[in-house]
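Have a look at input-v8.txt below; it lists compact mmCIF, C-alpha atoms and all ligand atoms.
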# COMPACT_ATOMS: atom_id res chain seq x y z
CA MET A 1 11.28 -62.93 119.55
CA SER A 2 10.60 -65.23 116.60
CA ALA A 3 9.20 -63.51 113.52
CA ILE A 4 6.08 -65.64 113.45
CA MET A 5 4.64 -67.21 116.60
CA ASP A 6 3.92 -70.92 116.51
CA LEU A 7 0.29 -71.70 115.77
CA LEU A 8 -1.77 -74.76 116.63
CA LEU A 9 -4.88 -75.47 114.56
CA PHE A 10 -7.46 -77.82 116.04
CA ASN A 11 -11.02 -79.00 115.39
CA ILE A 12 -10.13 -79.55 111.71
CA GLY A 13 -12.70 -81.17 109.41
CA GLU A 14 -11.44 -83.12 106.41
CA LEU A 15 -7.75 -82.41 105.80
CA ALA A 16 -6.69 -82.89 102.18
CA THR A 17 -2.96 -83.40 102.58
CA LEU A 18 -2.56 -84.93 99.08
CA SER A 19 0.76 -86.17 100.43
CA HIS A 20 0.63 -89.84 99.43
CA GLY A 21 3.94 -91.15 98.06
CA ASP A 22 6.59 -88.80 96.65
CA VAL A 23 4.91 -85.39 96.96
CA SER A 24 7.17 -83.84 94.33
CA LYS A 25 5.61 -86.13 91.70
CA PRO A 26 2.20 -85.70 90.03
CA LEU A 27 -0.67 -88.17 90.38
CA SER A 28 -2.78 -89.63 87.58
CA GLY A 29 -6.00 -91.57 86.93
CA THR A 30 -7.87 -93.05 89.89
CA GLU A 31 -5.06 -92.22 92.35
CA MET A 32 -6.17 -88.57 92.00
CA ALA A 33 -9.51 -89.47 93.62
CA ASN A 34 -8.19 -91.86 96.30
CA ARG A 35 -9.75 -90.37 99.43
CA GLU A 36 -8.16 -92.92 101.81
CA GLU A 37 -4.65 -91.95 100.73
CA LEU A 38 -5.13 -88.21 100.14
CA ILE A 39 -7.49 -87.07 102.91
CA ILE A 40 -7.27 -87.37 106.72
CA GLU A 41 -10.73 -87.64 108.25
CA SER A 42 -11.81 -85.01 110.78
CA GLY A 43 -10.21 -84.90 114.24
CA SER A 44 -6.63 -83.94 113.47
CA SER A 45 -4.56 -81.00 114.58
CA MET A 46 -1.73 -79.17 112.81
CA LEU A 47 1.24 -77.26 114.24
CA ILE A 48 2.73 -74.35 112.25
CA SER A 49 6.21 -73.15 113.13
CA GLN A 50 8.58 -70.78 111.30
CA GLY A 51 6.32 -70.75 108.23
CA LYS A 52 6.31 -74.53 107.91
CA ILE A 53 4.09 -77.44 108.86
CA ALA A 54 5.83 -78.78 111.97
CA LYS A 55 3.47 -81.57 112.98
CA ILE A 56 0.17 -83.20 111.99
CA GLY A 57 -1.51 -85.66 114.35
CA PRO A 58 -4.55 -86.61 116.44
CA GLU A 59 -6.07 -83.53 118.06
CA GLN A 60 -5.93 -84.73 121.67
CA GLU A 61 -2.27 -85.70 121.34
CA LEU A 62 -1.14 -82.33 119.96
CA LEU A 63 -3.25 -80.30 122.38
CA GLU A 64 -1.75 -82.17 125.34
CA GLU A 65 1.79 -81.73 124.01
CA PHE A 66 1.68 -78.06 122.99
CA ALA A 67 -1.24 -76.49 124.86
CA PRO A 68 -1.73 -78.44 128.10
CA ASP A 69 -2.97 -75.24 129.78
CA MET A 70 -5.71 -74.55 127.19
CA GLU A 71 -8.82 -73.03 128.68
CA ASN A 72 -11.72 -71.53 126.74
CA GLY A 73 -9.75 -72.00 123.52
CA LYS A 74 -6.74 -70.03 124.79
CA SER A 75 -3.22 -70.99 125.88
CA ASN A 76 -0.35 -68.95 127.29
CA LEU A 77 2.13 -71.26 125.60
CA ILE A 78 1.06 -71.04 121.98
CA GLU A 79 -1.35 -69.28 119.62
CA ILE A 80 -4.39 -71.45 118.96
CA LEU A 81 -6.92 -71.44 116.13
CA ASN A 82 -10.19 -73.35 116.42
CA VAL A 83 -11.11 -74.21 112.84
CA ASN A 84 -14.67 -75.13 113.89
CA GLY A 85 -14.73 -78.37 111.93
CA ALA A 86 -13.91 -76.74 108.59
CA ALA A 87 -12.02 -78.62 105.88
CA ILE A 88 -8.47 -77.67 104.90
CA ILE A 89 -6.88 -77.94 101.45
CA PRO A 90 -3.37 -77.01 100.22
CA GLY A 91 -2.63 -73.55 98.84
CA LEU A 92 -3.76 -73.62 95.20
CA VAL A 93 -1.19 -73.52 92.40
CA ASP A 94 -2.04 -71.62 89.21
CA CYS A 95 0.54 -72.67 86.61
CA HIS A 96 -0.68 -70.59 83.64
CA THR A 97 -1.49 -66.88 83.91
CA HIS A 98 -0.89 -63.71 81.92
CA LEU A 99 -0.74 -61.76 85.18
CA LEU A 100 0.43 -58.35 83.98
CA TRP A 101 -1.12 -56.25 81.25
CA SER A 102 -2.95 -52.94 81.05
CA GLY A 103 -6.20 -51.77 79.44
CA ASP A 104 -9.67 -53.15 78.89
CA ARG A 105 -11.14 -55.18 76.03
CA SER A 106 -14.43 -56.14 77.64
CA ASN A 107 -16.36 -54.46 74.75
CA GLU A 108 -15.18 -57.27 72.48
CA ILE A 109 -17.89 -59.59 73.80
CA ARG A 110 -20.48 -57.49 71.93
CA LEU A 111 -18.38 -57.63 68.74
CA ARG A 112 -18.08 -61.42 69.01
CA GLN A 113 -21.82 -61.67 69.60
CA LYS A 114 -22.36 -59.73 66.35
CA GLY A 115 -20.36 -62.45 64.58
CA LEU A 116 -17.02 -60.65 64.20
CA THR A 117 -14.03 -62.99 64.14
CA TYR A 118 -10.78 -62.58 66.06
CA GLN A 119 -9.22 -61.20 62.87
CA ASP A 120 -12.13 -58.73 62.29
CA ILE A 121 -11.76 -57.41 65.84
CA SER A 122 -8.01 -57.09 65.40
CA ASN A 123 -8.51 -55.16 62.11
CA GLN A 124 -10.76 -52.71 63.98
CA GLY A 125 -7.98 -51.96 66.47
CA GLY A 126 -8.96 -54.51 69.11
CA GLY A 127 -7.45 -57.84 70.09
CA ILE A 128 -4.00 -58.46 71.53
CA ASN A 129 -2.52 -55.43 69.75
CA LYS A 130 -4.81 -53.13 71.74
CA THR A 131 -3.49 -54.66 74.97
CA VAL A 132 0.10 -54.38 73.69
CA ILE A 133 -0.31 -50.63 72.98
CA SER A 134 -1.78 -50.04 76.43
CA THR A 135 0.80 -52.20 78.23
CA ARG A 136 3.69 -50.48 76.46
CA LYS A 137 2.38 -47.10 77.70
CA ALA A 138 2.07 -48.26 81.32
CA SER A 139 5.00 -47.54 83.63
CA GLN A 140 6.63 -50.31 85.64
CA LYS A 141 5.06 -48.84 88.80
CA GLU A 142 1.61 -48.94 87.19
CA LEU A 143 2.13 -52.57 86.20
CA GLU A 144 3.24 -53.39 89.74
CA SER A 145 0.08 -51.89 91.18
CA ILE A 146 -2.02 -53.84 88.64
CA GLY A 147 -0.09 -56.92 89.78
CA HIS A 148 -0.88 -56.24 93.46
CA ARG A 149 -4.56 -55.88 92.62
CA ASN A 150 -4.58 -59.11 90.60
CA LEU A 151 -2.75 -61.03 93.33
CA LEU A 152 -5.34 -59.92 95.90
CA GLN A 153 -7.98 -61.51 93.66
CA SER A 154 -5.88 -64.63 93.37
CA SER A 155 -5.44 -64.80 97.19
CA ASN A 156 -9.18 -64.34 97.60
CA TYR A 157 -9.63 -67.63 95.74
CA GLY A 158 -6.91 -69.47 97.63
CA THR A 159 -3.93 -69.43 95.26
CA THR A 160 -0.52 -69.23 96.96
CA THR A 161 1.80 -70.11 94.06
CA ILE A 162 1.34 -68.56 90.64
CA GLU A 163 3.16 -68.64 87.32
CA ALA A 164 3.17 -65.27 85.51
CA LYS A 165 3.94 -64.76 81.83
CA SER A 166 5.12 -61.63 80.07
CA GLY A 167 3.96 -61.30 76.46
CA TYR A 168 1.94 -58.10 76.13
CA GLY A 169 5.04 -55.99 75.46
CA LEU A 170 6.50 -57.60 72.32
CA SER A 171 9.56 -55.33 72.40
CA VAL A 172 12.84 -55.50 74.32
CA ASP A 173 12.06 -52.68 76.74
CA SER A 174 8.46 -53.55 77.44
CA GLU A 175 9.04 -57.29 77.88
CA ILE A 176 11.83 -56.51 80.38
CA LYS A 177 9.57 -53.96 82.12
CA ILE A 178 6.82 -56.58 82.58
CA LEU A 179 9.27 -59.16 83.91
CA GLU A 180 10.86 -56.69 86.33
CA ALA A 181 7.42 -55.72 87.62
CA THR A 182 6.65 -59.44 88.01
CA ALA A 183 9.84 -59.99 90.03
CA SER A 184 8.78 -57.27 92.50
CA LEU A 185 5.60 -59.21 93.34
CA ASP A 186 7.25 -62.43 94.51
CA GLY A 187 6.97 -63.47 98.15
CA ILE A 188 4.33 -60.98 99.34
CA ASN A 189 1.26 -63.22 99.31
CA HIS A 190 2.31 -65.73 96.63
CA ASN A 191 5.32 -67.44 95.20
CA VAL A 192 5.37 -65.68 91.80
CA LEU A 193 7.26 -67.59 89.11
CA PRO A 194 8.04 -65.71 85.89
CA THR A 195 7.92 -67.01 82.30
CA TRP A 196 9.19 -65.04 79.30
CA LEU A 197 6.54 -65.03 76.53
CA GLY A 198 8.09 -62.58 74.08
CA ALA A 199 6.87 -65.03 71.42
CA HIS A 200 3.20 -64.39 72.22
CA ASP A 201 2.56 -62.77 68.82
CA PHE A 202 4.40 -60.78 66.15
CA PRO A 203 4.34 -57.01 66.78
CA LYS A 204 2.63 -54.96 64.07
CA GLU A 205 5.74 -52.87 63.33
CA LYS A 206 8.08 -55.79 62.51
CA LYS A 207 8.33 -58.53 59.89
CA PRO A 208 8.18 -62.03 61.47
CA SER A 209 11.82 -62.73 60.54
CA GLU A 210 12.96 -59.43 62.12
CA TYR A 211 11.06 -60.21 65.29
CA MET A 212 12.50 -63.75 65.45
CA ASP A 213 15.96 -62.14 65.31
CA GLU A 214 15.03 -59.72 68.09
CA LEU A 215 13.70 -62.56 70.26
CA ILE A 216 16.82 -64.69 69.85
CA HIS A 217 19.54 -62.05 69.80
CA GLU A 218 18.14 -59.25 72.01
CA GLN A 219 15.26 -60.29 74.30
CA LEU A 220 16.48 -63.77 75.26
CA PRO A 221 20.08 -62.84 76.20
CA LEU A 222 18.83 -59.89 78.27
CA VAL A 223 16.13 -61.92 80.05
CA ALA A 224 18.75 -64.58 80.87
CA GLU A 225 21.42 -62.08 81.93
CA LYS A 226 19.01 -60.35 84.31
CA ASN A 227 17.67 -63.73 85.50
CA LEU A 228 14.10 -62.53 84.92
CA ALA A 229 12.49 -65.81 83.85
CA LYS A 230 12.62 -69.52 84.65
CA TRP A 231 10.95 -70.66 81.43
CA ILE A 232 10.37 -69.61 77.84
CA ASP A 233 6.84 -69.87 76.44
CA VAL A 234 5.85 -69.70 72.76
CA PHE A 235 2.37 -69.28 71.26
CA CYS A 236 2.70 -72.22 68.88
CA GLU A 237 -0.35 -72.20 66.62
CA PRO A 238 -0.92 -71.86 62.84
CA GLY A 239 -0.92 -68.13 62.05
CA TRP A 240 1.34 -67.37 65.02
CA PHE A 241 4.62 -69.20 65.70
CA ASN A 242 4.97 -72.37 63.61
CA LEU A 243 6.60 -75.62 64.76
CA GLU A 244 10.00 -74.73 63.28
CA GLN A 245 10.10 -71.27 64.88
CA THR A 246 8.96 -72.75 68.19
CA GLU A 247 11.71 -75.37 68.12
CA THR A 248 14.33 -72.73 67.26
CA LEU A 249 13.24 -70.51 70.14
CA VAL A 250 13.09 -73.34 72.70
CA ASN A 251 16.52 -74.66 71.70
CA ASN A 252 18.07 -71.19 71.90
CA ALA A 253 16.51 -70.72 75.33
CA LYS A 254 17.93 -74.08 76.46
CA ASN A 255 21.41 -72.71 75.73
CA PHE A 256 20.68 -69.99 78.29
CA GLY A 257 19.43 -72.51 80.86
CA LEU A 258 15.73 -71.77 80.37
CA LYS A 259 13.23 -74.63 80.36
CA SER A 260 9.99 -74.40 78.39
CA ARG A 261 6.22 -74.36 78.84
CA LEU A 262 4.29 -73.90 75.59
CA HIS A 263 0.87 -72.75 74.27
CA VAL A 264 -0.16 -75.55 71.85
CA ASP A 265 -3.16 -76.99 69.99
CA GLU A 266 -5.69 -74.41 71.23
CA PHE A 267 -7.49 -73.99 67.90
CA VAL A 268 -6.38 -77.02 65.86
CA ASP A 269 -4.09 -80.03 66.24
CA SER A 270 -0.93 -78.62 64.69
CA GLY A 271 1.47 -81.10 66.26
CA GLY A 272 2.32 -78.69 69.07
CA LEU A 273 1.92 -81.17 71.92
CA SER A 274 4.02 -83.74 70.08
CA LEU A 275 6.76 -81.12 69.62
CA ALA A 276 6.58 -80.13 73.31
CA ALA A 277 7.11 -83.79 74.25
CA GLU A 278 10.11 -84.06 71.90
CA LEU A 279 11.62 -80.86 73.29
CA GLY A 280 11.12 -82.08 76.88
CA SER A 281 8.93 -79.10 77.83
CA CYS A 282 7.77 -78.97 81.46
CA SER A 283 4.24 -78.30 80.33
CA ALA A 284 2.12 -77.97 77.19
CA ASP A 285 -0.93 -75.81 77.75
CA HIS A 286 -4.45 -75.58 76.17
CA VAL A 287 -4.02 -78.96 74.35
CA GLY A 288 -7.73 -78.89 73.49
CA PHE A 289 -7.26 -80.37 70.03
CA SER A 290 -4.23 -82.61 70.63
CA ASN A 291 -4.52 -86.20 69.38
CA SER A 292 -4.26 -89.29 71.56
CA ASP A 293 -0.82 -90.31 70.30
CA SER A 294 0.57 -86.89 71.26
CA ARG A 295 -1.05 -87.12 74.70
CA ASP A 296 0.53 -90.53 75.25
CA LYS A 297 3.89 -89.22 74.04
CA ALA A 298 3.68 -86.19 76.36
CA ASN A 299 2.92 -88.40 79.33
CA LYS A 300 5.90 -90.63 78.56
CA SER A 301 8.24 -87.62 78.34
CA GLY A 302 6.90 -86.13 81.59
CA THR A 303 5.36 -83.13 79.83
CA MET A 304 2.36 -81.96 81.87
CA GLN A 305 -0.81 -81.32 79.85
CA VAL A 306 -2.43 -78.20 81.28
CA PHE A 307 -6.10 -77.67 80.43
CA LEU A 308 -7.52 -74.14 80.55
CA PRO A 309 -11.31 -74.60 80.41
CA GLY A 310 -11.95 -70.92 81.24
CA THR A 311 -10.85 -69.96 77.72
CA PRO A 312 -13.34 -72.08 75.71
CA TYR A 313 -15.94 -71.11 78.34
CA VAL A 314 -15.66 -67.36 77.67
CA LEU A 315 -15.45 -67.96 73.91
CA GLY A 316 -18.66 -70.03 74.00
CA LYS A 317 -16.87 -73.15 72.79
CA ASP A 318 -17.08 -76.78 73.82
CA LEU A 319 -14.83 -77.72 76.77
CA GLY A 320 -13.57 -80.83 74.94
CA GLU A 321 -12.83 -84.43 75.89
CA GLY A 322 -9.12 -84.13 76.68
CA ILE A 323 -9.39 -84.17 80.48
CA GLN A 324 -11.47 -87.34 80.55
CA GLU A 325 -9.14 -88.99 78.04
CA CYS A 326 -6.19 -88.20 80.32
CA LEU A 327 -8.00 -89.64 83.34
CA GLU A 328 -8.98 -92.83 81.53
CA ASN A 329 -5.42 -93.40 80.30
CA ASN A 330 -3.54 -92.42 83.50
CA TRP A 331 -1.88 -89.49 81.73
CA ILE A 332 -0.76 -86.64 84.00
CA PHE A 333 -2.68 -83.37 83.62
CA SER A 334 -3.34 -80.09 85.43
CA LEU A 335 -5.85 -77.23 85.37
CA ALA A 336 -5.08 -73.48 85.34
CA THR A 337 -6.93 -70.17 84.88
CA ASP A 338 -5.19 -68.66 81.80
CA PHE A 339 -6.01 -65.23 83.30
CA ASN A 340 -5.81 -62.79 80.33
CA PRO A 341 -7.79 -59.85 78.86
CA ASN A 342 -10.42 -62.23 77.40
CA CYS A 343 -10.61 -64.65 80.32
CA GLN A 344 -10.48 -62.48 83.40
CA THR A 345 -10.61 -64.99 86.19
CA LEU A 346 -7.96 -65.81 88.79
CA SER A 347 -10.29 -68.27 90.50
CA LEU A 348 -9.13 -71.88 90.39
CA PRO A 349 -12.30 -72.90 92.32
CA PHE A 350 -14.29 -71.53 89.36
CA ILE A 351 -12.10 -73.40 86.84
CA ALA A 352 -12.56 -76.56 88.92
CA SER A 353 -16.30 -75.89 88.98
CA LEU A 354 -16.25 -76.05 85.17
CA ALA A 355 -14.36 -79.34 85.42
CA THR A 356 -16.75 -80.84 87.97
CA HIS A 357 -20.11 -79.40 86.89
CA ARG A 358 -19.56 -79.42 83.14
CA ILE A 359 -17.05 -82.23 82.49
CA GLY A 360 -17.96 -84.57 85.33
CA ILE A 361 -14.61 -84.66 87.16
CA ASP A 362 -14.49 -85.69 90.84
CA PRO A 363 -13.82 -82.66 93.13
CA LEU A 364 -10.76 -84.33 94.70
CA THR A 365 -9.35 -85.09 91.24
CA ALA A 366 -9.89 -81.43 90.32
CA LEU A 367 -8.11 -80.41 93.54
CA VAL A 368 -5.04 -82.51 92.70
CA ALA A 369 -5.11 -80.92 89.21
CA CYS A 370 -4.98 -77.45 90.84
CA THR A 371 -2.32 -78.19 93.49
CA ARG A 372 0.13 -81.09 93.52
CA ASN A 373 0.15 -81.72 89.75
CA PRO A 374 0.84 -78.14 88.55
CA ALA A 375 3.30 -77.76 91.46
CA SER A 376 5.36 -80.61 90.01
CA THR A 377 6.12 -78.36 87.00
CA LEU A 378 7.25 -75.47 89.26
CA ASN A 379 8.87 -77.09 92.31
CA ASP A 380 12.37 -77.15 90.78
CA GLU A 381 12.41 -73.37 91.04
CA LEU A 382 11.13 -73.19 94.62
CA GLU A 383 12.94 -73.62 97.90
CA ASN A 384 10.19 -75.88 99.23
CA CYS A 385 7.94 -78.32 97.48
CA VAL A 386 4.41 -76.80 97.27
CA GLY A 387 1.03 -78.28 96.30
CA SER A 388 0.47 -80.61 99.27
CA ILE A 389 0.32 -80.44 103.08
CA ASN A 390 3.09 -82.38 104.77
CA VAL A 391 5.45 -82.09 107.71
CA GLY A 392 8.51 -80.03 106.78
CA GLY A 393 6.71 -78.42 103.86
CA PRO A 394 5.63 -74.75 103.64
CA ALA A 395 2.51 -73.75 105.59
CA ASP A 396 0.55 -72.76 102.45
CA PHE A 397 -3.06 -73.86 102.89
CA ASN A 398 -6.72 -72.81 102.85
CA ILE A 399 -9.45 -73.20 105.45
CA LEU A 400 -12.79 -73.68 103.68
CA ASN A 401 -16.24 -72.47 104.74
CA ALA A 402 -17.48 -76.08 105.04
CA LYS A 403 -16.55 -79.43 106.58
CA SER A 404 -16.19 -81.34 103.31
CA ILE A 405 -13.29 -80.79 100.92
CA ASP A 406 -15.71 -81.29 97.98
CA TYR A 407 -17.04 -77.81 98.79
CA TRP A 408 -13.84 -76.25 97.44
CA CYS A 409 -15.15 -76.08 93.86
CA GLN A 410 -18.91 -76.03 94.39
CA THR A 411 -19.46 -72.27 94.81
CA PRO A 412 -18.96 -70.81 91.30
CA GLY A 413 -18.52 -67.03 91.45
CA VAL A 414 -18.14 -67.06 95.23
CA SER A 415 -14.95 -67.85 97.13
CA PRO A 416 -15.24 -71.08 99.16
CA ILE A 417 -12.39 -69.97 101.44
CA SER A 418 -12.41 -68.35 104.87
CA LYS A 419 -8.66 -68.12 105.49
CA THR A 420 -5.58 -68.45 103.30
CA PHE A 421 -2.14 -69.05 104.78
CA PHE A 422 1.04 -68.34 102.82
CA SER A 423 4.33 -69.37 104.48
CA GLY A 424 2.51 -69.59 107.82
CA SER A 425 0.96 -66.09 107.65
CA ILE A 426 -2.68 -65.30 107.00
CA VAL A 427 -3.00 -63.45 103.66
CA LYS A 428 -6.77 -63.63 103.39
CA SER A 429 -9.33 -63.82 106.21
CA TYR A 430 -13.09 -63.37 106.38
ZN ZN B 1 -2.26 -68.39 77.88

Please express what this file holds, its structure, as structure tokens.
Ligand SMILES: [Zn+2]
Amino acid sequence: MSAIMDLLLFNIGELATLSHGDVSKPLSGTEMANREELIIESGSSMLISQGKIAKIGPEQELLEEFAPDMENGKSNLIEILNVNGAAIIPGLVDCHTHLLWSGDRSNEIRLRQKGLTYQDISNQGGGINKTVISTRKASQKELESIGHRNLLQSSNYGTTTIEAKSGYGLSVDSEIKILEATASLDGINHNVLPTWLGAHDFPKEKKPSEYMDELIHEQLPLVAEKNLAKWIDVFCEPGWFNLEQTETLVNNAKNFGLKSRLHVDEFVDSGGLSLAAELGSCSADHVGFSNSDSRDKANKSGTMQVFLPGTPYVLGKDLGEGIQECLENNWIFSLATDFNPNCQTLSLPFIASLATHRIGIDPLTALVACTRNPASTLNDELENCVGSINVGGPADFNILNAKSIDYWCQTPGVSPISKTFFSGSIVKSY
């Protein structure tokens, strides 16, 4: 008996395959909103076999070929799912999360509302250091169970591939513990792709130069030896890791075969995006304050700009003009959640709601920015190319609660999804 029975979906509404051209490559500008090329109108059927998309075609054709005996929606030859005219979109791809950490800092909203700065809160024992203390105390098993809980949330909102950073350990043992817990989560209901973010901040107990030595000579070799990460990330921002330290870390990581994705230009334009482009980073994330020349340079070097509008949203800040600038100039960009203790959402539909309702982005453009485009920064590390729906590709997709694909990001705070498939199996169903 085959592990997973073949499944035929019929009565599909709009089907957003996003599979125009070379699906391993990102889209930009108006091609992100090209409905003719990216969406199949209602009336198609899709065959799932061995965890992959085996065939997509006109409904009548596929029903006659695979379920000629169908009666009252049932066949003895194959499992059948009547989608009832609902739209289908690819499994969502979240390319920037801090998936594993322990503790709670939700009280900090009241401190911020009283006018306390990030530094004030940190001086009172809050901020990232509070999360570091709590995460260091947590066992690997506890972190794994936190990870399972977080991934259920992520599945609930339709994500099937997720990048997960370490970075709340800031010591050899605890960074390794977080990455080992992360590795245990892969393949259950998501592809989980790990990034080493030892350079998230400087730990309180060490001088910056001592910690740089530890990162380069202890953490990095161990992470590489144990094959616990695909990328290095650095929090490159004035007051944290400067441009020179960032370059040193990325170049050392390159010697161990690690590529890079970087936190840059979140608070000011410090030249972080420009550096990421020079270093050939896969992605440069936040990029809220990056200048136009850096954006152009990043696009030319193939460095994906990843916008994280959930972060300025929870901090009460402006969402910025960067996304529109990218669209107008045909520069590649993506969206991600930045799930972390201050921005506790794993909902890409919510992030896309910010992009559509607050920035004016077309829902299909936002969908490409949450699927095919971020996938292009991760696909090298996956067996199959994710982020689109195409024959031969993995059966990672979502059935929505409506006929139009635009619905996918128009229900802020509520999941728009009725069923999520990961590798051909249902991982969420209502
Ligand atoms: Zn982040």

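If you count only C-alpha atoms and ignore residues fewer than 6 places along the chain from region 290-294 of chain A, what sits within 8 Å of it is Asp265, Val268, Asp269, Ser270, Gly271, Gly272, Leu273, Ser274, Ala277 and Gly322 of chain A.
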
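The gap separating CA of Ala276 (chain A) from CA of Thr195 (chain A) is 16.0 Å, in Å to one decimal.
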
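Neighbouring residues of ligand ZN 1 (chain B) at a cut-off of 9 Å, counting all atoms listed in the file, are His96, Thr97, His98, Lys165, His200, Phe235, Leu262, His263, Asp285, His286, Leu308, Thr311, Thr337, Asp338, Phe339 and Asn340 of chain A.
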
Open item on the list: Give me the residues near region 220-233 of chain A as number ranges by chain, where near means some atom within 8 Å (using only C-alpha atoms) and where sequence neighbours in that chain fewer than 2 positions away do not count.
Closed with: A: 165, 176, 179-180, 183, 193-200, 215-218, 235, 250, 253, 256-263, 381

Task: Distance query Ser418 (chain A) at most 10 Å, only C-alpha atoms, self and fewer than 4 positions along chain excluded, as a ChimeraX atom specification - done: /A:83,86,156-158,398-402,428-430

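Nearest-residue note for Thr303 (chain A): choosing from A:Gly393, A:Gly103, A:Pro26, A:Pro58, the minimum distance belongs to A:Pro26, counting all atoms listed in the file.
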
TODO: Between CA of Glu108 (chain A) and CA of Ser347 (chain A), measure the distance and give it in Å to one decimal.
DONE: 21.7 Å

Task: Long-range neighbours of Leu364 (chain A) as a ChimeraX atom specification, 9 Å cut-off, all atoms listed in the file, 3 positions minimum in chain - done: /A:16,32-35,38,361,367-369,405-406

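Considering all atoms listed in the file, the residue among A:Ile351, A:Cys370, A:Leu8, A:Cys326 positioned nearest to Pro312 (chain A) is A:Ile351.
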